[in-house]
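Here's model34.cif, which has mmCIF, C-alpha atoms and all ligand atoms:
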data_upload
loop_
_atom_site.group_PDB
_atom_site.id
_atom_site.type_symbol
_atom_site.label_atom_id
_atom_site.label_comp_id
_atom_site.auth_asym_id
_atom_site.auth_seq_id
_atom_site.Cartn_x
_atom_site.Cartn_y
_atom_site.Cartn_z
ATOM 1 C CA MET M 17 -14.955 11.751 8.457
ATOM 2 C CA ILE M 18 -11.489 10.281 8.263
ATOM 3 C CA ARG M 19 -11.483 6.551 7.768
ATOM 4 C CA LYS M 20 -8.629 4.636 9.272
ATOM 5 C CA PHE M 21 -6.961 2.221 6.931
ATOM 6 C CA LYS M 22 -4.839 -0.690 7.982
ATOM 7 C CA ILE M 23 -2.472 -0.147 5.100
ATOM 8 C CA ARG M 24 0.213 2.486 5.478
ATOM 9 C CA LYS M 25 3.175 3.843 3.593
ATOM 10 C CA ASP M 26 6.115 1.403 3.463
ATOM 11 C CA ASP M 27 3.940 -1.664 4.074
ATOM 12 C CA ASN M 28 4.617 -4.666 1.882
ATOM 13 C CA VAL M 29 1.374 -5.684 0.248
ATOM 14 C CA ILE M 30 0.003 -8.251 -2.184
ATOM 15 C CA VAL M 31 -2.662 -7.475 -4.768
ATOM 16 C CA ILE M 32 -5.633 -9.820 -4.391
ATOM 17 C CA ALA M 33 -7.821 -8.665 -7.293
ATOM 18 C CA GLY M 34 -7.566 -6.978 -10.653
ATOM 19 C CA LYS M 35 -4.945 -7.152 -13.371
ATOM 20 C CA GLU M 36 -2.005 -7.078 -10.935
ATOM 21 C CA LYS M 37 -3.414 -9.958 -8.859
ATOM 22 C CA GLY M 38 -0.725 -11.952 -7.074
ATOM 23 C CA LYS M 39 1.956 -9.292 -7.384
ATOM 24 C CA THR M 40 3.643 -7.746 -4.395
ATOM 25 C CA GLY M 41 5.188 -4.377 -3.711
ATOM 26 C CA LYS M 42 5.811 -1.629 -1.232
ATOM 27 C CA VAL M 43 3.224 1.071 -0.568
ATOM 28 C CA ILE M 44 4.657 4.424 -1.581
ATOM 29 C CA ARG M 45 1.608 6.552 -0.841
ATOM 30 C CA VAL M 46 -1.876 6.162 0.633
ATOM 31 C CA LEU M 47 -4.737 8.302 -0.641
ATOM 32 C CA PRO M 48 -7.155 8.078 2.315
ATOM 33 C CA ASP M 49 -9.929 10.180 0.801
ATOM 34 C CA LYS M 50 -10.075 7.844 -2.201
ATOM 35 C CA ALA M 51 -9.395 4.627 -0.251
ATOM 36 C CA MET M 52 -6.569 3.940 -2.654
ATOM 37 C CA ALA M 53 -2.841 3.385 -2.476
ATOM 38 C CA LEU M 54 0.126 3.662 -4.812
ATOM 39 C CA VAL M 55 2.310 0.563 -4.810
ATOM 40 C CA GLU M 56 5.865 0.712 -6.103
ATOM 41 C CA LYS M 57 6.121 -0.586 -9.690
ATOM 42 C CA LEU M 58 2.564 -1.934 -9.722
ATOM 43 C CA ASN M 59 -0.343 -0.880 -11.896
ATOM 44 C CA MET M 60 1.983 1.192 -14.088
ATOM 45 C CA VAL M 61 0.364 3.450 -16.634
ATOM 46 C CA LYS M 62 1.882 5.476 -19.422
ATOM 47 C CA ARG M 63 1.195 9.169 -19.257
ATOM 48 C CA HIS M 64 1.956 11.882 -21.705
ATOM 49 C CA GLN M 65 4.071 14.404 -19.878
ATOM 50 C CA LYS M 66 4.467 17.985 -20.914
ATOM 51 C CA PRO M 67 7.974 19.317 -20.374
ATOM 52 C CA THR M 68 8.369 20.526 -16.809
ATOM 53 C CA PRO M 69 11.431 21.370 -14.705
ATOM 54 C CA LYS M 70 11.333 17.780 -13.398
ATOM 55 C CA TYR M 71 10.875 16.247 -16.867
ATOM 56 C CA PRO M 72 12.541 18.710 -19.238
ATOM 57 C CA GLN M 73 12.182 16.317 -22.161
ATOM 58 C CA GLY M 74 8.452 15.729 -21.719
ATOM 59 C CA GLY M 75 7.176 12.720 -23.646
ATOM 60 C CA ILE M 76 5.750 9.501 -22.286
ATOM 61 C CA ILE M 77 6.508 8.523 -18.730
ATOM 62 C CA GLU M 78 5.393 5.531 -16.736
ATOM 63 C CA LYS M 79 3.987 5.985 -13.285
ATOM 64 C CA GLU M 80 2.036 4.083 -10.688
ATOM 65 C CA ALA M 81 -1.739 4.338 -10.796
ATOM 66 C CA PRO M 82 -3.627 3.973 -7.501
ATOM 67 C CA ILE M 83 -4.996 0.572 -6.483
ATOM 68 C CA HIS M 84 -8.082 0.329 -4.300
ATOM 69 C CA ILE M 85 -7.153 -0.575 -0.737
ATOM 70 C CA SER M 86 -9.771 -3.339 -0.671
ATOM 71 C CA ASN M 87 -7.713 -5.076 -3.397
ATOM 72 C CA LEU M 88 -4.585 -5.092 -1.231
ATOM 73 C CA MET M 89 -3.526 -7.245 1.709
ATOM 74 C CA ILE M 90 -0.596 -6.668 4.030
ATOM 75 C CA ILE M 91 2.096 -9.348 3.826
ATOM 76 C CA CYS M 92 3.108 -10.887 7.143
ATOM 77 C CA ASP M 93 6.886 -11.505 7.272
ATOM 78 C CA LYS M 94 6.338 -14.680 9.257
ATOM 79 C CA CYS M 95 3.483 -16.160 7.196
ATOM 80 C CA LYS M 96 5.039 -14.988 3.900
ATOM 81 C CA LYS M 97 1.603 -14.228 2.498
ATOM 82 C CA GLY M 98 -1.192 -11.689 2.537
ATOM 83 C CA VAL M 99 -3.002 -11.807 5.862
ATOM 84 C CA ARG M 100 -5.907 -10.254 7.685
ATOM 85 C CA VAL M 101 -4.780 -7.598 10.090
ATOM 86 C CA GLY M 102 -6.180 -6.795 13.494
ATOM 87 C CA ARG M 103 -5.416 -4.049 15.965
ATOM 88 C CA LYS M 104 -4.527 -4.363 19.592
ATOM 89 C CA PHE M 105 -2.964 -2.418 22.424
ATOM 90 C CA LEU M 106 0.380 -3.435 23.854
ATOM 91 C CA GLU M 107 1.022 -3.364 27.595
ATOM 92 C CA ASP M 108 2.614 0.070 27.264
ATOM 93 C CA GLY M 109 -0.574 1.395 25.658
ATOM 94 C CA LYS M 110 0.841 1.534 22.147
ATOM 95 C CA LYS M 111 -1.633 0.585 19.440
ATOM 96 C CA VAL M 112 -0.234 -1.855 16.911
ATOM 97 C CA ARG M 113 -1.382 -3.929 13.982
ATOM 98 C CA PHE M 114 -0.996 -7.691 14.143
ATOM 99 C CA CYS M 115 -1.336 -10.676 11.844
ATOM 100 C CA LYS M 116 -4.573 -12.550 12.519
ATOM 101 C CA SER M 117 -2.998 -15.791 11.287
ATOM 102 C CA CYS M 118 0.072 -16.030 13.514
ATOM 103 C CA GLY M 119 -0.312 -13.119 15.938
ATOM 104 C CA GLU M 120 2.920 -11.449 14.831
ATOM 105 C CA VAL M 121 2.974 -7.689 15.492
ATOM 106 C CA LEU M 122 3.361 -5.899 12.166
ATOM 107 C CA ASP M 123 4.422 -2.496 13.475
ATOM 108 C CA ARG M 124 7.976 -2.069 14.606
HETATM 109 ZN ZN ZN M 201 1.505 -13.996 10.212
#
When written as structure tokens, how does the structure in this file appear?
Amino acid sequence: MIRKFKIRKDDNVIVIAGKEKGKTGKVIRVLPDKAMALVEKLNMVKRHQKPTPKYPQGGIIEKEAPIHISNLMIICDKCKKGVRVGRKFLEDGKKVRFCKSCGEVLDR
């Protein structure tokens, strides 16, 4: 079963729980089977990297670790904060996400 998540790549989100609470960033990848997302520059972890063509030096690199989607909220541009998101159909039949606080459509 594929679960549908309200958070997608390129969304601006705020972290609402955990050690990165209160920080904001852009979603760079969603991992739907794990219900997790990678957020740019958040939840960074140091990893030991063996030399590869991409990292010929090897050594320690920093990269984003996934954050559980339930710990993230989408930021509404109008409300300037993390908001609950609903779904609705536009008159042309297009399905969009909207801010439950102000009604602003979040998909462009
Ligand atoms: Zn809003």
Closest atom pairs, residues of chain M within 6 Å of ligand ZN 201 (chain M), all atoms listed in the file, as CSV:
residue,atom,partner,partner_atom,distance
M:Cys92,CA,M:ZN201,ZN,4.7
M:Lys94,CA,M:ZN201,ZN,5.0
M:Cys95,CA,M:ZN201,ZN,4.2
M:Cys115,CA,M:ZN201,ZN,4.7
M:Ser117,CA,M:ZN201,ZN,5.0
M:Cys118,CA,M:ZN201,ZN,4.1
M:Glu120,CA,M:ZN201,ZN,5.5
Might I get the box with edges along x, y and z of the file that holds all atoms of region 60-69 of chain M listed there, padded by 8 Å on every side, given as centre and edge lengths in Å to one decimal, as lines of an AutoDock Vina configuration file?
center_x = 5.9
center_y = 11.3
center_z = -17.9
size_x = 27.1
size_y = 36.2
size_z = 23.6
Problem set entry | From M:Val55, M:Ile85, M:Leu122, M:Ile30, residue lying nearest Val101 (chain M) [only C-alpha atoms] |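 Of all the options, M:Leu122 lies closest to Val101 (chain M).
Candidate residues M:Lys22, M:Asp27, M:Ala51, M:Lys35 were compared for distance to Arg103 (chain M), and the nearest is M:Lys22, using only C-alpha atoms.
Straight-line separation from CA of Met89 (chain M) to CA of Leu58 (chain M): 14.0 Å.
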Exercise. Between M:Arg113, M:Lys66, M:Lys39, M:His84, which has the minimum distance to Leu54 (chain M) (counting all atoms listed in the file)?
Worked result: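 Ranked by minimum distance to Leu54 (chain M), first place goes to M:His84.
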Exercise. Which residues, written as an MDAnalysis selection string, have at least one atom at most 8 Å from Asn59 (chain M), with only C-alpha atoms counted and residues fewer than 2 positions away on the same chain left out?
Worked result: chainID M and resid 35:36 55 57 61 80:83
Kindly save the residues from that selection, with C-alpha atoms included, as an mmCIF file, keeping the file's coordinate frame.
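Output below, filename part.cif:
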data_model
loop_
_atom_site.group_PDB
_atom_site.id
_atom_site.type_symbol
_atom_site.label_atom_id
_atom_site.label_comp_id
_atom_site.auth_asym_id
_atom_site.auth_seq_id
_atom_site.Cartn_x
_atom_site.Cartn_y
_atom_site.Cartn_z
ATOM 1 C CA LYS M 35 -4.945 -7.152 -13.371
ATOM 2 C CA GLU M 36 -2.005 -7.078 -10.935
ATOM 3 C CA VAL M 55 2.310 0.563 -4.810
ATOM 4 C CA LYS M 57 6.121 -0.586 -9.690
ATOM 5 C CA VAL M 61 0.364 3.450 -16.634
ATOM 6 C CA GLU M 80 2.036 4.083 -10.688
ATOM 7 C CA ALA M 81 -1.739 4.338 -10.796
ATOM 8 C CA PRO M 82 -3.627 3.973 -7.501
ATOM 9 C CA ILE M 83 -4.996 0.572 -6.483
#
For this session: Record the distance separating CA of Asp26 (chain M) and CA of Phe114 (chain M), expressed in Å with one decimal.
Result: 15.7 Å
Problem set entry | Top pick for closest residue to Val43 (chain M), considering M:Glu78, M:Ile90, M:Pro67, M:Gln73 and counting all atoms listed in the file | M:Ile90
Problem set entry | Atom pair CA of Gly102 (chain M) / CA of Lys37 (chain M): separation (Å) | 22.7 Å
Problem set entry | Evaluate the PyMOL selection byres (((chain M and resi 76) around 8) and not hetatm) and report residues as a list in words |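 Applied to this file, the PyMOL selection byres (((chain M and resi 76) around 8) and not hetatm) selects Lys62, Arg63, His64, Gln65, Gly74, Gly75, Ile77 and Glu78 of chain M.
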